[in-house]
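**Q** Input file: data.csv. Contents: CSV, C-alpha atoms.
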chain,number,residue,atom,x,y,z
A,1,MET,CA,12.2,2.9,14.5
A,2,LEU,CA,10.9,-0.4,15.7
A,3,GLY,CA,8.8,-0.1,18.9
A,4,ARG,CA,6.5,2.8,17.8
A,5,ARG,CA,3.1,2.6,19.5
A,6,PRO,CA,0.3,1.0,17.5
A,7,THR,CA,-2.2,2.9,15.5
A,8,VAL,CA,-5.9,2.1,15.9
A,9,ALA,CA,-6.7,-1.3,14.4
A,10,GLY,CA,-9.9,-2.2,12.5
A,11,PRO,CA,-12.7,-3.7,14.5
A,12,ALA,CA,-12.0,-7.3,13.4
A,13,GLU,CA,-8.3,-7.0,14.1
A,14,THR,CA,-8.7,-6.1,17.8
A,15,ASN,CA,-10.1,-9.1,19.7
A,16,HIS,CA,-10.0,-9.3,23.4
A,17,ALA,CA,-12.1,-12.6,23.5
A,18,PRO,CA,-10.3,-15.8,24.5
A,19,LEU,CA,-9.8,-17.2,21.0
A,20,THR,CA,-8.9,-20.8,20.3
A,21,ALA,CA,-6.2,-21.7,17.7
A,22,PRO,CA,-8.9,-22.5,15.1
A,23,GLY,CA,-10.7,-19.2,16.0
A,24,ALA,CA,-7.4,-17.3,15.6
A,25,THR,CA,-7.0,-18.9,12.2
A,26,ARG,CA,-10.5,-17.9,11.1
A,27,ALA,CA,-9.9,-14.4,12.4
A,28,MET,CA,-6.6,-14.2,10.5
A,29,GLU,CA,-8.4,-15.0,7.2
A,30,ALA,CA,-10.5,-11.8,7.7
A,31,VAL,CA,-7.3,-9.8,8.3
A,32,LEU,CA,-5.6,-11.4,5.3
A,33,GLU,CA,-8.5,-10.5,3.1
A,34,ARG,CA,-8.3,-6.8,4.1
A,35,VAL,CA,-4.6,-6.9,3.5
A,36,LEU,CA,-5.0,-8.3,0.0
A,37,GLU,CA,-7.7,-5.8,-0.9
A,38,ALA,CA,-5.4,-3.0,0.2
A,39,ARG,CA,-2.5,-4.4,-1.8
A,40,LEU,CA,-4.7,-4.9,-4.9
A,41,ARG,CA,-5.8,-1.2,-4.7
A,42,GLN,CA,-2.2,-0.2,-4.5
A,43,ALA,CA,-1.4,-2.4,-7.5
A,44,ARG,CA,-4.2,-0.9,-9.6
A,45,ASP,CA,-3.0,2.6,-8.8
A,46,THR,CA,0.5,1.5,-9.9
A,47,ASP,CA,-0.4,-0.1,-13.2
A,48,ALA,CA,-3.6,-1.7,-14.6
A,49,VAL,CA,-1.9,-4.5,-16.6
A,50,PHE,CA,0.4,-5.5,-13.7
A,51,ALA,CA,-2.6,-5.5,-11.4
A,52,ALA,CA,-4.8,-7.6,-13.6
A,53,ASP,CA,-2.1,-10.1,-14.7
A,54,MET,CA,0.0,-10.5,-11.6
A,55,ALA,CA,-1.5,-9.0,-8.4
A,56,ASP,CA,-4.9,-10.4,-9.0
A,57,ARG,CA,-3.4,-13.8,-9.8
A,58,LEU,CA,-1.3,-13.7,-6.7
A,59,ALA,CA,-4.3,-12.7,-4.5
A,60,ALA,CA,-6.4,-15.6,-5.9
A,61,TYR,CA,-3.5,-18.0,-5.2
A,62,VAL,CA,-3.2,-16.8,-1.6
A,63,ARG,CA,-7.0,-17.1,-1.1
A,64,ARG,CA,-7.0,-20.7,-2.3
A,65,GLY,CA,-5.4,-21.3,1.1
A,66,GLY,CA,-3.7,-24.3,2.5
A,67,LYS,CA,-3.5,-25.8,6.0
A,68,ARG,CA,-3.0,-22.4,7.6
A,69,LEU,CA,-1.0,-24.1,10.4
A,70,ARG,CA,1.5,-21.4,10.9
A,71,THR,CA,-1.1,-18.9,12.2
A,72,ALA,CA,-2.3,-21.5,14.7
A,73,PHE,CA,1.3,-22.1,15.9
A,74,VAL,CA,1.9,-18.4,16.3
A,75,TRP,CA,-1.2,-18.3,18.5
A,76,CYS,CA,0.1,-21.2,20.5
A,77,GLY,CA,3.4,-19.6,21.0
A,78,TRP,CA,1.8,-16.3,22.1
A,79,ARG,CA,-0.5,-18.0,24.6
A,80,ALA,CA,2.3,-20.3,26.0
A,81,ALA,CA,4.3,-17.2,26.7
A,82,GLY,CA,1.4,-15.6,28.5
A,83,GLY,CA,-0.1,-13.6,25.7
A,84,SER,CA,-3.6,-12.3,26.3
A,85,GLY,CA,-5.9,-9.4,25.3
A,86,ASP,CA,-5.5,-7.7,22.0
A,87,VAL,CA,-4.7,-10.4,19.4
A,88,SER,CA,-4.3,-8.1,16.4
A,89,ALA,CA,-0.5,-8.4,16.2
A,90,VAL,CA,-0.9,-12.2,16.3
A,91,LEU,CA,-3.4,-12.2,13.4
A,92,ARG,CA,-1.3,-9.8,11.3
A,93,THR,CA,1.8,-11.9,11.9
A,94,GLY,CA,-0.1,-15.0,10.8
A,95,ALA,CA,-1.3,-13.2,7.6
A,96,ALA,CA,2.3,-12.2,6.9
A,97,LEU,CA,3.3,-15.8,7.2
A,98,GLU,CA,0.7,-16.9,4.7
A,99,LEU,CA,2.0,-14.3,2.2
A,100,LEU,CA,5.6,-15.6,2.8
A,101,GLN,CA,4.3,-19.1,2.3
A,102,ALA,CA,2.9,-18.1,-1.1
A,103,CYS,CA,6.4,-16.8,-2.1
A,104,ALA,CA,8.0,-20.0,-0.9
A,105,LEU,CA,5.6,-22.3,-2.8
A,106,ILE,CA,5.7,-20.3,-6.0
A,107,HIS,CA,9.5,-20.3,-6.1
A,108,ASP,CA,9.7,-23.9,-5.0
A,109,ASP,CA,7.4,-25.0,-7.8
A,110,VAL,CA,9.5,-23.1,-10.4
A,111,MET,CA,12.7,-24.8,-9.1
A,112,ASP,CA,11.1,-28.3,-9.0
A,113,GLY,CA,9.1,-27.9,-12.2
A,114,SER,CA,5.9,-28.9,-10.3
A,115,PRO,CA,2.8,-28.7,-12.4
A,116,LEU,CA,0.2,-28.6,-9.6
A,117,ARG,CA,-0.2,-26.7,-6.3
A,118,ARG,CA,-3.3,-26.7,-4.0
A,119,GLY,CA,-5.2,-28.7,-6.6
A,120,ALA,CA,-4.7,-26.2,-9.4
A,121,PRO,CA,-2.0,-25.3,-11.9
A,122,ALA,CA,1.2,-24.0,-10.3
A,123,MET,CA,1.8,-20.3,-10.8
A,124,HIS,CA,4.4,-20.7,-13.6
A,125,VAL,CA,2.1,-23.1,-15.4
A,126,ASP,CA,-0.8,-20.7,-15.1
A,127,PHE,CA,1.3,-17.8,-16.5
A,128,ALA,CA,2.4,-20.0,-19.4
A,129,ARG,CA,-1.1,-21.0,-20.3
A,130,GLY,CA,-2.1,-17.3,-20.3
A,131,HIS,CA,0.8,-16.6,-22.6
A,132,ARG,CA,-0.3,-19.3,-25.1
A,133,ALA,CA,-3.9,-18.1,-24.9
A,134,GLY,CA,-2.9,-14.6,-25.7
A,135,ARG,CA,-0.9,-15.7,-28.8
A,136,THR,CA,2.0,-13.6,-27.8
A,137,GLY,CA,5.6,-14.2,-29.0
A,138,GLY,CA,8.4,-16.1,-27.4
A,139,SER,CA,8.5,-19.2,-25.2
A,140,ALA,CA,5.5,-19.7,-23.1
A,141,GLU,CA,7.5,-21.7,-20.6
A,142,SER,CA,10.2,-19.0,-20.3
A,143,PHE,CA,7.6,-16.4,-19.8
A,144,GLY,CA,5.7,-18.4,-17.2
A,145,THR,CA,8.9,-19.1,-15.2
A,146,SER,CA,9.9,-15.4,-15.2
A,147,ALA,CA,6.5,-14.1,-14.3
A,148,ALA,CA,6.2,-16.7,-11.5
A,149,VAL,CA,9.5,-15.6,-10.0
A,150,LEU,CA,8.2,-12.0,-10.0
A,151,ALA,CA,4.9,-13.1,-8.4
A,152,GLY,CA,6.9,-14.8,-5.7
A,153,ASP,CA,8.9,-11.7,-5.2
A,154,LEU,CA,5.7,-9.7,-4.9
A,155,ALA,CA,4.3,-12.0,-2.3
A,156,LEU,CA,7.6,-11.6,-0.3
A,157,ALA,CA,7.3,-7.8,-0.5
A,158,TRP,CA,3.7,-7.9,0.7
A,159,ALA,CA,4.7,-10.2,3.6
A,160,ASP,CA,7.7,-8.1,4.6
A,161,ASP,CA,5.6,-4.9,4.5
A,162,LEU,CA,2.9,-6.4,6.7
A,163,LEU,CA,5.4,-7.8,9.2
A,164,THR,CA,7.3,-4.5,9.4
A,165,GLU,CA,4.1,-2.6,10.0
A,166,THR,CA,3.2,-5.1,12.7
A,167,ALA,CA,6.6,-4.8,14.3
A,168,LEU,CA,6.5,-1.0,14.2
A,169,ALA,CA,3.2,-1.1,16.1
A,170,SER,CA,4.4,-3.5,18.8
A,171,PRO,CA,6.3,-2.8,22.0
A,172,HIS,CA,8.1,-6.1,21.2
A,173,GLY,CA,8.8,-5.2,17.6
A,174,PRO,CA,12.6,-5.6,17.6
A,175,ARG,CA,12.3,-9.2,18.8
A,176,LEU,CA,9.5,-10.0,16.4
A,177,PHE,CA,11.6,-8.7,13.5
A,178,GLU,CA,14.7,-10.6,14.6
A,179,GLU,CA,12.8,-13.9,14.5
A,180,TRP,CA,11.4,-13.0,11.1
A,181,ARG,CA,14.8,-12.1,9.7
A,182,ALA,CA,16.3,-15.3,10.9
A,183,MET,CA,13.4,-17.4,9.4
A,184,ARG,CA,13.8,-15.8,5.9
A,185,THR,CA,17.5,-16.7,5.9
A,186,GLU,CA,16.9,-20.2,7.0
A,187,MET,CA,14.3,-20.7,4.2
A,188,VAL,CA,16.8,-19.7,1.6
A,189,ALA,CA,19.5,-21.8,3.1
A,190,GLY,CA,17.3,-24.8,3.2
A,191,GLN,CA,16.1,-24.3,-0.4
A,192,TYR,CA,19.7,-24.0,-1.6
A,193,ARG,CA,20.8,-27.1,0.3
A,194,ASP,CA,17.9,-28.9,-1.4
A,195,LEU,CA,19.0,-27.7,-4.9
A,196,ARG,CA,22.7,-28.5,-4.1
A,197,ALA,CA,21.8,-32.0,-2.9
A,198,GLN,CA,19.9,-32.8,-6.1
A,199,ALA,CA,22.8,-31.4,-8.3
A,200,SER,CA,25.4,-33.4,-6.4
A,201,GLY,CA,23.4,-36.6,-6.2
A,202,SER,CA,23.7,-36.7,-2.4
A,203,SER,CA,21.9,-39.4,-0.5
A,204,GLY,CA,23.3,-38.9,3.0
A,205,ALA,CA,21.1,-38.9,6.1
A,206,GLU,CA,22.8,-35.9,7.6
A,207,GLY,CA,22.2,-33.7,4.6
A,208,GLY,CA,18.6,-34.8,4.4
A,209,LEU,CA,18.0,-33.9,8.0
A,210,THR,CA,19.7,-30.5,7.6
A,211,ILE,CA,17.4,-29.7,4.7
A,212,ALA,CA,14.3,-30.8,6.6
A,213,VAL,CA,15.2,-28.7,9.6
A,214,LEU,CA,16.1,-25.6,7.7
A,215,LYS,CA,13.4,-25.8,5.0
A,216,SER,CA,10.5,-27.0,7.0
A,217,ALA,CA,10.8,-27.8,10.7
A,218,ARG,CA,11.9,-24.3,11.7
A,219,TYR,CA,9.8,-22.5,9.1
A,220,THR,CA,6.6,-24.4,9.7
A,221,VAL,CA,6.5,-24.7,13.5
A,222,ALA,CA,9.6,-23.5,15.4
A,223,ARG,CA,9.7,-20.0,14.1
A,224,PRO,CA,5.9,-19.4,14.1
A,225,LEU,CA,5.9,-20.5,17.8
A,226,ALA,CA,8.8,-18.1,18.4
A,227,LEU,CA,7.1,-15.2,16.6
A,228,GLY,CA,4.1,-15.6,18.8
A,229,ALA,CA,6.2,-15.8,21.9
A,230,ALA,CA,8.1,-12.7,20.9
A,231,LEU,CA,4.8,-10.8,20.7
A,232,ALA,CA,4.2,-11.8,24.3
A,233,GLY,CA,7.7,-10.8,25.5
A,234,ALA,CA,8.7,-14.4,26.3
A,235,ASP,CA,11.5,-15.2,28.7
A,236,ALA,CA,14.5,-17.3,27.7
A,237,ARG,CA,13.2,-20.5,29.3
A,238,THR,CA,9.9,-20.3,27.6
A,239,LEU,CA,11.5,-19.5,24.2
A,240,GLY,CA,13.9,-22.4,24.6
A,241,ALA,CA,11.1,-24.9,25.3
A,242,LEU,CA,9.1,-23.6,22.3
A,243,ARG,CA,12.1,-23.9,20.0
A,244,ALA,CA,12.6,-27.5,21.1
A,245,ALA,CA,8.9,-28.3,20.7
A,246,GLY,CA,8.8,-26.6,17.3
A,247,ARG,CA,11.9,-28.5,16.0
A,248,CYS,CA,10.4,-31.9,17.0
A,249,ALA,CA,6.9,-31.1,15.7
A,250,GLY,CA,8.2,-29.5,12.6
A,251,LEU,CA,10.3,-32.5,11.8
A,252,ALA,CA,7.3,-34.8,12.3
A,253,PHE,CA,5.4,-32.6,9.9
A,254,GLN,CA,8.2,-32.8,7.3
A,255,LEU,CA,8.5,-36.6,7.6
A,256,ARG,CA,4.8,-36.9,7.1
A,257,ASP,CA,5.0,-34.7,4.0
A,258,ASP,CA,7.8,-36.9,2.7
A,259,LEU,CA,5.6,-40.0,3.1
A,260,LEU,CA,2.7,-38.2,1.4
A,261,GLY,CA,5.1,-37.1,-1.4
A,262,ALA,CA,5.9,-40.8,-2.0
A,263,PHE,CA,2.6,-42.5,-1.2
A,264,GLY,CA,-0.1,-39.8,-1.0
A,265,ASP,CA,-3.2,-39.3,-3.0
A,266,PRO,CA,-2.9,-36.2,-5.3
A,267,ALA,CA,-6.7,-35.6,-4.9
A,268,LEU,CA,-6.1,-35.1,-1.2
A,269,THR,CA,-2.7,-33.4,-1.2
A,270,GLY,CA,-3.2,-31.1,-4.2
A,271,LYS,CA,0.1,-32.0,-5.7
A,272,PRO,CA,1.7,-34.9,-7.6
A,273,ALA,CA,2.4,-38.0,-5.5
A,274,ASP,CA,5.6,-39.1,-7.3
A,275,GLU,CA,7.4,-35.8,-7.8
A,276,ASP,CA,10.0,-36.2,-5.0
A,277,LEU,CA,10.7,-39.8,-6.2
A,278,ARG,CA,11.2,-38.9,-9.8
A,279,ALA,CA,13.5,-36.1,-8.9
A,280,ARG,CA,15.4,-38.3,-6.4
A,281,LYS,CA,15.0,-35.4,-3.9
A,282,LEU,CA,17.1,-35.9,-0.8
A,283,THR,CA,14.5,-36.4,1.9
A,284,PRO,CA,15.0,-38.1,5.2
A,285,LEU,CA,12.8,-40.9,3.9
A,286,LEU,CA,15.0,-41.6,0.9
A,287,ALA,CA,18.2,-41.3,3.1
A,288,VAL,CA,16.8,-43.9,5.5
A,289,ALA,CA,15.9,-46.2,2.7
A,290,VAL,CA,19.4,-46.0,1.1
A,291,ARG,CA,21.0,-46.7,4.5
A,292,LEU,CA,18.8,-49.7,5.2
A,293,ALA,CA,19.4,-51.1,1.7
A,294,GLU,CA,23.1,-50.8,2.1
A,295,THR,CA,23.1,-52.2,5.6
A,296,THR,CA,21.0,-55.3,4.7
A,297,GLY,CA,22.8,-55.8,1.3
A,298,ASP,CA,19.6,-55.3,-0.7
A,299,ARG,CA,21.4,-54.5,-3.9
A,300,ASP,CA,18.2,-54.2,-6.0
A,301,ALA,CA,16.7,-51.6,-3.6
A,302,ALA,CA,20.1,-49.7,-3.5
A,303,ALA,CA,20.2,-49.6,-7.3
A,304,VAL,CA,16.6,-48.4,-7.6
A,305,LEU,CA,17.1,-45.7,-5.0
A,306,ALA,CA,20.5,-44.5,-6.2
A,307,PRO,CA,20.7,-40.8,-7.2
A,308,ASP,CA,21.6,-41.7,-10.8
A,309,ALA,CA,19.0,-44.5,-11.1
A,310,ASP,CA,16.7,-42.3,-13.4
A,311,ALA,CA,19.4,-42.6,-16.1
A,312,ARG,CA,18.8,-46.3,-16.3
A,313,PRO,CA,15.8,-48.0,-17.8
A,314,GLY,CA,13.3,-49.9,-15.7
A,315,HIS,CA,13.7,-48.0,-12.5
A,316,SER,CA,10.2,-46.8,-12.1
A,317,VAL,CA,8.5,-44.9,-9.3
A,318,GLU,CA,6.6,-48.1,-8.5
A,319,ARG,CA,9.8,-49.9,-7.9
A,320,MET,CA,11.0,-47.1,-5.7
A,321,ARG,CA,7.9,-47.3,-3.6
A,322,ALA,CA,8.3,-51.0,-3.3
A,323,ALA,CA,11.9,-50.5,-2.2
A,324,LEU,CA,10.8,-48.0,0.4
A,325,GLU,CA,8.4,-50.6,1.8
A,326,ARG,CA,10.7,-53.6,1.6
A,327,THR,CA,13.7,-51.9,3.2
A,328,GLY,CA,11.5,-50.9,6.2
A,329,ALA,CA,12.1,-47.2,5.5
A,330,ARG,CA,8.4,-46.4,5.5
A,331,ALA,CA,7.9,-48.1,8.8
A,332,GLU,CA,11.0,-46.5,10.4
A,333,VAL,CA,9.9,-43.1,9.4
A,334,GLU,CA,6.4,-43.7,10.7
A,335,ALA,CA,7.8,-44.7,14.1
A,336,ARG,CA,10.1,-41.6,14.0
A,337,ILE,CA,7.1,-39.4,13.4
A,338,ALA,CA,5.3,-40.7,16.4
A,339,ASP,CA,8.4,-40.2,18.6
A,340,LEU,CA,9.0,-36.7,17.4
A,341,ALA,CA,5.3,-35.7,17.9
A,342,ALA,CA,5.4,-37.0,21.5
A,343,SER,CA,8.7,-35.2,22.2
A,344,GLY,CA,7.2,-32.0,20.8
A,345,LEU,CA,4.4,-32.2,23.4
A,346,ARG,CA,6.8,-32.8,26.2
A,347,HIS,CA,8.9,-29.8,25.3
A,348,PHE,CA,5.7,-27.6,24.9
A,349,GLU,CA,4.6,-28.8,28.4
A,350,ALA,CA,7.8,-27.3,29.8
A,351,THR,CA,6.6,-23.8,28.9
A,352,GLY,CA,4.1,-24.0,31.7
A,353,ALA,CA,1.3,-23.3,29.2
A,354,ALA,CA,-2.3,-23.8,30.5
A,355,PRO,CA,-3.8,-27.3,29.8
A,356,GLY,CA,-6.2,-25.8,27.2
A,357,VAL,CA,-3.4,-24.4,25.2
A,358,ARG,CA,-1.4,-27.6,25.5
A,359,ARG,CA,-4.4,-29.5,24.2
A,360,GLU,CA,-4.7,-27.2,21.2
A,361,PHE,CA,-1.0,-27.6,20.5
A,362,ALA,CA,-1.5,-31.4,20.6
A,363,ALA,CA,-4.3,-31.1,18.2
A,364,LEU,CA,-2.2,-29.1,15.8
A,365,VAL,CA,0.7,-31.6,16.0
A,366,GLU,CA,-1.8,-34.3,15.2
A,367,ARG,CA,-2.9,-32.4,12.1
A,368,ALA,CA,0.6,-31.7,11.0
A,369,SER,CA,2.1,-35.2,11.7
A,370,GLY,CA,-0.9,-37.5,11.1
A,371,VAL,CA,-0.5,-39.2,14.4
A,372,ALA,CA,-2.1,-38.6,17.8
A,373,PRO,CA,0.9,-38.0,20.2
A,374,GLN,CA,0.8,-39.4,23.7
A,375,GLN,CA,-0.3,-36.7,26.1
A,376,ALA,CA,0.6,-36.0,29.7
A,377,GLU,CA,-2.0,-37.2,32.3
A,378,GLU,CA,-3.0,-33.7,33.3
A,379,LEU,CA,-4.1,-32.9,29.7
A,380,VAL,CA,-6.6,-35.7,29.6
Go ahead and express the file in the form of structure tokens.
**A**
Amino acid sequence: MLGRRPTVAGPAETNHAPLTAPGATRAMEAVLERVLEARLRQARDTDAVFAADMADRLAAYVRRGGKRLRTAFVWCGWRAAGGSGDVSAVLRTGAALELLQACALIHDDVMDGSPLRRGAPAMHVDFARGHRAGRTGGSAESFGTSAAVLAGDLALAWADDLLTETALASPHGPRLFEEWRAMRTEMVAGQYRDLRAQASGSSGAEGGLTIAVLKSARYTVARPLALGAALAGADARTLGALRAAGRCAGLAFQLRDDLLGAFGDPALTGKPADEDLRARKLTPLLAVAVRLAETTGDRDAAAVLAPDADARPGHSVERMRAALERTGARAEVEARIADLAASGLRHFEATGAAPGVRREFAALVERASGVAPQQAEELV
């Protein structure tokens, strides 16, 4: 049952030093590496072909990393709720989030048909290339898609195993597990709403905001903060302030990601810059642009940004970018990011977290949103 006392952790997992958020992230990498090695040994014991083709590929994918923001937000939530001493459960929770993120990205790339991730071929593309190189029968694309779905499932299994082990070893295990369970459901709900919006050609602002909250804001910031707070036994007031802070900061992160998806440099983002635009994906950025085009009577922009515009010739990504600029959507979203980042800091301050923890949260919000939010006087 949840709540069993912890077993003895390895030396690098038990850390009573006052880590910073970057320090916690670095320590999590060491924990994640040990977890991957253990899972790879298990895979090799299960089947050599499966281990070489899939488990090794998945481990390499996870090791390529990413922003690793979620671990830092777990640490901030833990510290804001009064967490101190043994940080092993925080690090293991962060590692579980990185495995869950691998699942989410692999499946998302399959659904979107994305060719790149983290500056390398997406998982389904990599599997398809391996199929072609092996001169095996059948469709390489079909094989790649099917194998990538399984790889994502494997990442989810590894994540769930690690989180369950962590919850079993924590006195706050039931609360940790409840946050985790809710987060997984929200992820699926957000992904489905995204798929449904593309299928229906929706361009409404409300739908775009719902997708952004479910798929990114809660998953990237709000739930990681709450997971950390759960490990510290947070009270209702602290947890409420963290949820509000996470929603604001998470939306700022998603809006920045939308802008990067439309205007970013693939060499820096590690993924195509025009993917969301070509797919007419319902993002808050696109919804704002459609609203502004309709409000101002900009028929050309409305036509270029319409959900069915890709069926008509001459409606290029470059014209969509110009419409996003001309309607003022890009500027409005930039302003919204700054407001949300500042609101996130104000809500986080309400937790009563120490100034040092608040400064670290502010630095994370700046990394996630791309803007330096205004800070309260006592933080300066």
**Q** Which residues come within 12 Å of stretch 236-240 of chain A, counting only C-alpha atoms, excluding same-chain residues fewer than 6 positions away, as a PyMOL selection string?
**A** chain A and resi 77-82+175+179+222-230+246-247+347-353
**Q** How about saving the chosen residues, C-alpha atoms kept, as a PDB file, keeping the file's coordinate frame?
**A**
ATOM      1  CA  GLY A  77       3.400 -19.600  21.000  1.00  0.00           C
ATOM      2  CA  TRP A  78       1.800 -16.300  22.100  1.00  0.00           C
ATOM      3  CA  ARG A  79      -0.500 -18.000  24.600  1.00  0.00           C
ATOM      4  CA  ALA A  80       2.300 -20.300  26.000  1.00  0.00           C
ATOM      5  CA  ALA A  81       4.300 -17.200  26.700  1.00  0.00           C
ATOM      6  CA  GLY A  82       1.400 -15.600  28.500  1.00  0.00           C
ATOM      7  CA  ARG A 175      12.300  -9.200  18.800  1.00  0.00           C
ATOM      8  CA  GLU A 179      12.800 -13.900  14.500  1.00  0.00           C
ATOM      9  CA  ALA A 222       9.600 -23.500  15.400  1.00  0.00           C
ATOM     10  CA  ARG A 223       9.700 -20.000  14.100  1.00  0.00           C
ATOM     11  CA  PRO A 224       5.900 -19.400  14.100  1.00  0.00           C
ATOM     12  CA  LEU A 225       5.900 -20.500  17.800  1.00  0.00           C
ATOM     13  CA  ALA A 226       8.800 -18.100  18.400  1.00  0.00           C
ATOM     14  CA  LEU A 227       7.100 -15.200  16.600  1.00  0.00           C
ATOM     15  CA  GLY A 228       4.100 -15.600  18.800  1.00  0.00           C
ATOM     16  CA  ALA A 229       6.200 -15.800  21.900  1.00  0.00           C
ATOM     17  CA  ALA A 230       8.100 -12.700  20.900  1.00  0.00           C
ATOM     18  CA  GLY A 246       8.800 -26.600  17.300  1.00  0.00           C
ATOM     19  CA  ARG A 247      11.900 -28.500  16.000  1.00  0.00           C
ATOM     20  CA  HIS A 347       8.900 -29.800  25.300  1.00  0.00           C
ATOM     21  CA  PHE A 348       5.700 -27.600  24.900  1.00  0.00           C
ATOM     22  CA  GLU A 349       4.600 -28.800  28.400  1.00  0.00           C
ATOM     23  CA  ALA A 350       7.800 -27.300  29.800  1.00  0.00           C
ATOM     24  CA  THR A 351       6.600 -23.800  28.900  1.00  0.00           C
ATOM     25  CA  GLY A 352       4.100 -24.000  31.700  1.00  0.00           C
ATOM     26  CA  ALA A 353       1.300 -23.300  29.200  1.00  0.00           C
TER      27      ALA A 353
END
**Q** Rank A:Leu324, A:Leu242, A:Leu99, A:Ala48 by their smallest atom-to-atom distance to A:Asp258, using all atoms listed in the file, and report the top residue only.
**A**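 The closest residue to A:Asp258 is A:Leu324.
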**Q** Report the distance between atom CA of A:Gly65 and atom CA of A:Met123 in Å, rounded to one decimal place.
**A**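 If I compute the distance from atom CA of A:Gly65 to atom CA of A:Met123, I get 13.9 Å.
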**Q** Ranking A:Val31, A:Thr71, A:Pro307, A:Leu231 by minimum distance to A:Gly173 and counting all atoms listed in the file, which one comes first?
**A**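 The shortest atom-to-atom distance to A:Gly173 comes from A:Leu231.
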**Q** Provide the atom CA of A:Arg57 to atom CA of A:Ala89 distance in Å, to one decimal place.
**A**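 Value for the atom CA of A:Arg57-atom CA of A:Ala89 distance: 26.7 Å.
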**Q** State, in Å with one decimal place, the distance from atom CA of A:Glu206 to atom CA of A:Val288.
**A**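 So the answer is 10.2 Å.
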**Q** Which one is closest to A:Ala249: A:Trp158, A:Phe361, A:Trp180, A:Phe263? Count all atoms listed in the file.
**A**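 Once distances to A:Ala249 are computed over all atoms listed in the file, the minimum belongs to A:Phe361.
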**Q** Using all atoms listed in the file, pick whichever of A:Tyr61, A:Pro171, A:Glu98, A:Gly190 has the shortest atom-to-atom distance to A:Ala122.
**A**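 Under the stated criterion, the closest residue is A:Tyr61.
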**Q** Using all atoms listed in the file, list the residues that have an atom at most 10 Å from (-7.4, -25.4, 19.0), coordinates as in the file, as a ChimeraX atom specification.
**A** /A:19-25,72-73,75-76,356-364
**Q** Which residues come within 9 Å of A:Gly207, counting all atoms listed in the file, excluding same-chain residues fewer than 5 positions away, as a JSON list (two decimals) with C-alpha atoms, in the frame of the given file?
**A**
[["chain", "number", "residue", "atom", "x", "y", "z"],
["A", 193, "ARG", "CA", 20.80, -27.10, 0.30],
["A", 194, "ASP", "CA", 17.90, -28.90, -1.40],
["A", 197, "ALA", "CA", 21.80, -32.00, -2.90],
["A", 202, "SER", "CA", 23.70, -36.70, -2.40],
["A", 212, "ALA", "CA", 14.30, -30.80, 6.60],
["A", 282, "LEU", "CA", 17.10, -35.90, -0.80],
["A", 283, "THR", "CA", 14.50, -36.40, 1.90],
["A", 284, "PRO", "CA", 15.00, -38.10, 5.20],
["A", 287, "ALA", "CA", 18.20, -41.30, 3.10]]
**Q** Of the candidates A:Gly94, A:Ala241, A:Arg132, A:Arg278, which one gets nearest to A:Leu345 if we count all atoms listed in the file?
**A**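 The shortest atom-to-atom distance to A:Leu345 comes from A:Ala241.
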**Q** A:Leu259, A:Asp276, A:Ala306, A:Tyr219: which is nearest A:Ala182, counting all atoms listed in the file?
**A**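 Using all atoms listed in the file, A:Ala182 sits closest to A:Tyr219.
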**Q** Which residues are near A:Pro373? Cut-off 8 Å, all atoms listed in the file, ignore same chain within fewer than 3 positions. Put them as a ChimeraX atom specification.
**A** /A:338-339,341-342,345,362,365-366
**Q** With 7 Å as the threshold, what does the neighbourhood of (5.5, -42.9, -2.9) contain in terms of residues, counting only C-alpha atoms? Coordinates are those of the file; answer as an mmCIF file with C-alpha atoms, in the frame of the given file.
**A**
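Written output follows (part.cif):
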data_model
loop_
_atom_site.group_PDB
_atom_site.id
_atom_site.type_symbol
_atom_site.label_atom_id
_atom_site.label_comp_id
_atom_site.auth_asym_id
_atom_site.auth_seq_id
_atom_site.Cartn_x
_atom_site.Cartn_y
_atom_site.Cartn_z
ATOM 1 C CA LEU A 259 5.600 -40.000 3.100
ATOM 2 C CA LEU A 260 2.700 -38.200 1.400
ATOM 3 C CA GLY A 261 5.100 -37.100 -1.400
ATOM 4 C CA ALA A 262 5.900 -40.800 -2.000
ATOM 5 C CA PHE A 263 2.600 -42.500 -1.200
ATOM 6 C CA GLY A 264 -0.100 -39.800 -1.000
ATOM 7 C CA ALA A 273 2.400 -38.000 -5.500
ATOM 8 C CA ASP A 274 5.600 -39.100 -7.300
ATOM 9 C CA LEU A 277 10.700 -39.800 -6.200
ATOM 10 C CA ARG A 321 7.900 -47.300 -3.600
#
**Q** Give me, as a PDB file with C-alpha atoms, in the coordinates of the input, all polymer residues having an atom no more than 12 Å from A:Gly328, counting only C-alpha atoms and skipping those fewer than 6 positions away in the same chain.
**A**
ATOM      1  CA  LEU A 285      12.800 -40.900   3.900  1.00  0.00           C
ATOM      2  CA  LEU A 286      15.000 -41.600   0.900  1.00  0.00           C
ATOM      3  CA  VAL A 288      16.800 -43.900   5.500  1.00  0.00           C
ATOM      4  CA  ALA A 289      15.900 -46.200   2.700  1.00  0.00           C
ATOM      5  CA  VAL A 290      19.400 -46.000   1.100  1.00  0.00           C
ATOM      6  CA  ARG A 291      21.000 -46.700   4.500  1.00  0.00           C
ATOM      7  CA  LEU A 292      18.800 -49.700   5.200  1.00  0.00           C
ATOM      8  CA  ALA A 293      19.400 -51.100   1.700  1.00  0.00           C
ATOM      9  CA  THR A 295      23.100 -52.200   5.600  1.00  0.00           C
ATOM     10  CA  THR A 296      21.000 -55.300   4.700  1.00  0.00           C
ATOM     11  CA  ASP A 298      19.600 -55.300  -0.700  1.00  0.00           C
ATOM     12  CA  ALA A 301      16.700 -51.600  -3.600  1.00  0.00           C
ATOM     13  CA  ARG A 321       7.900 -47.300  -3.600  1.00  0.00           C
ATOM     14  CA  ALA A 322       8.300 -51.000  -3.300  1.00  0.00           C
ATOM     15  CA  GLU A 334       6.400 -43.700  10.700  1.00  0.00           C
ATOM     16  CA  ALA A 335       7.800 -44.700  14.100  1.00  0.00           C
TER      17      ALA A 335
END
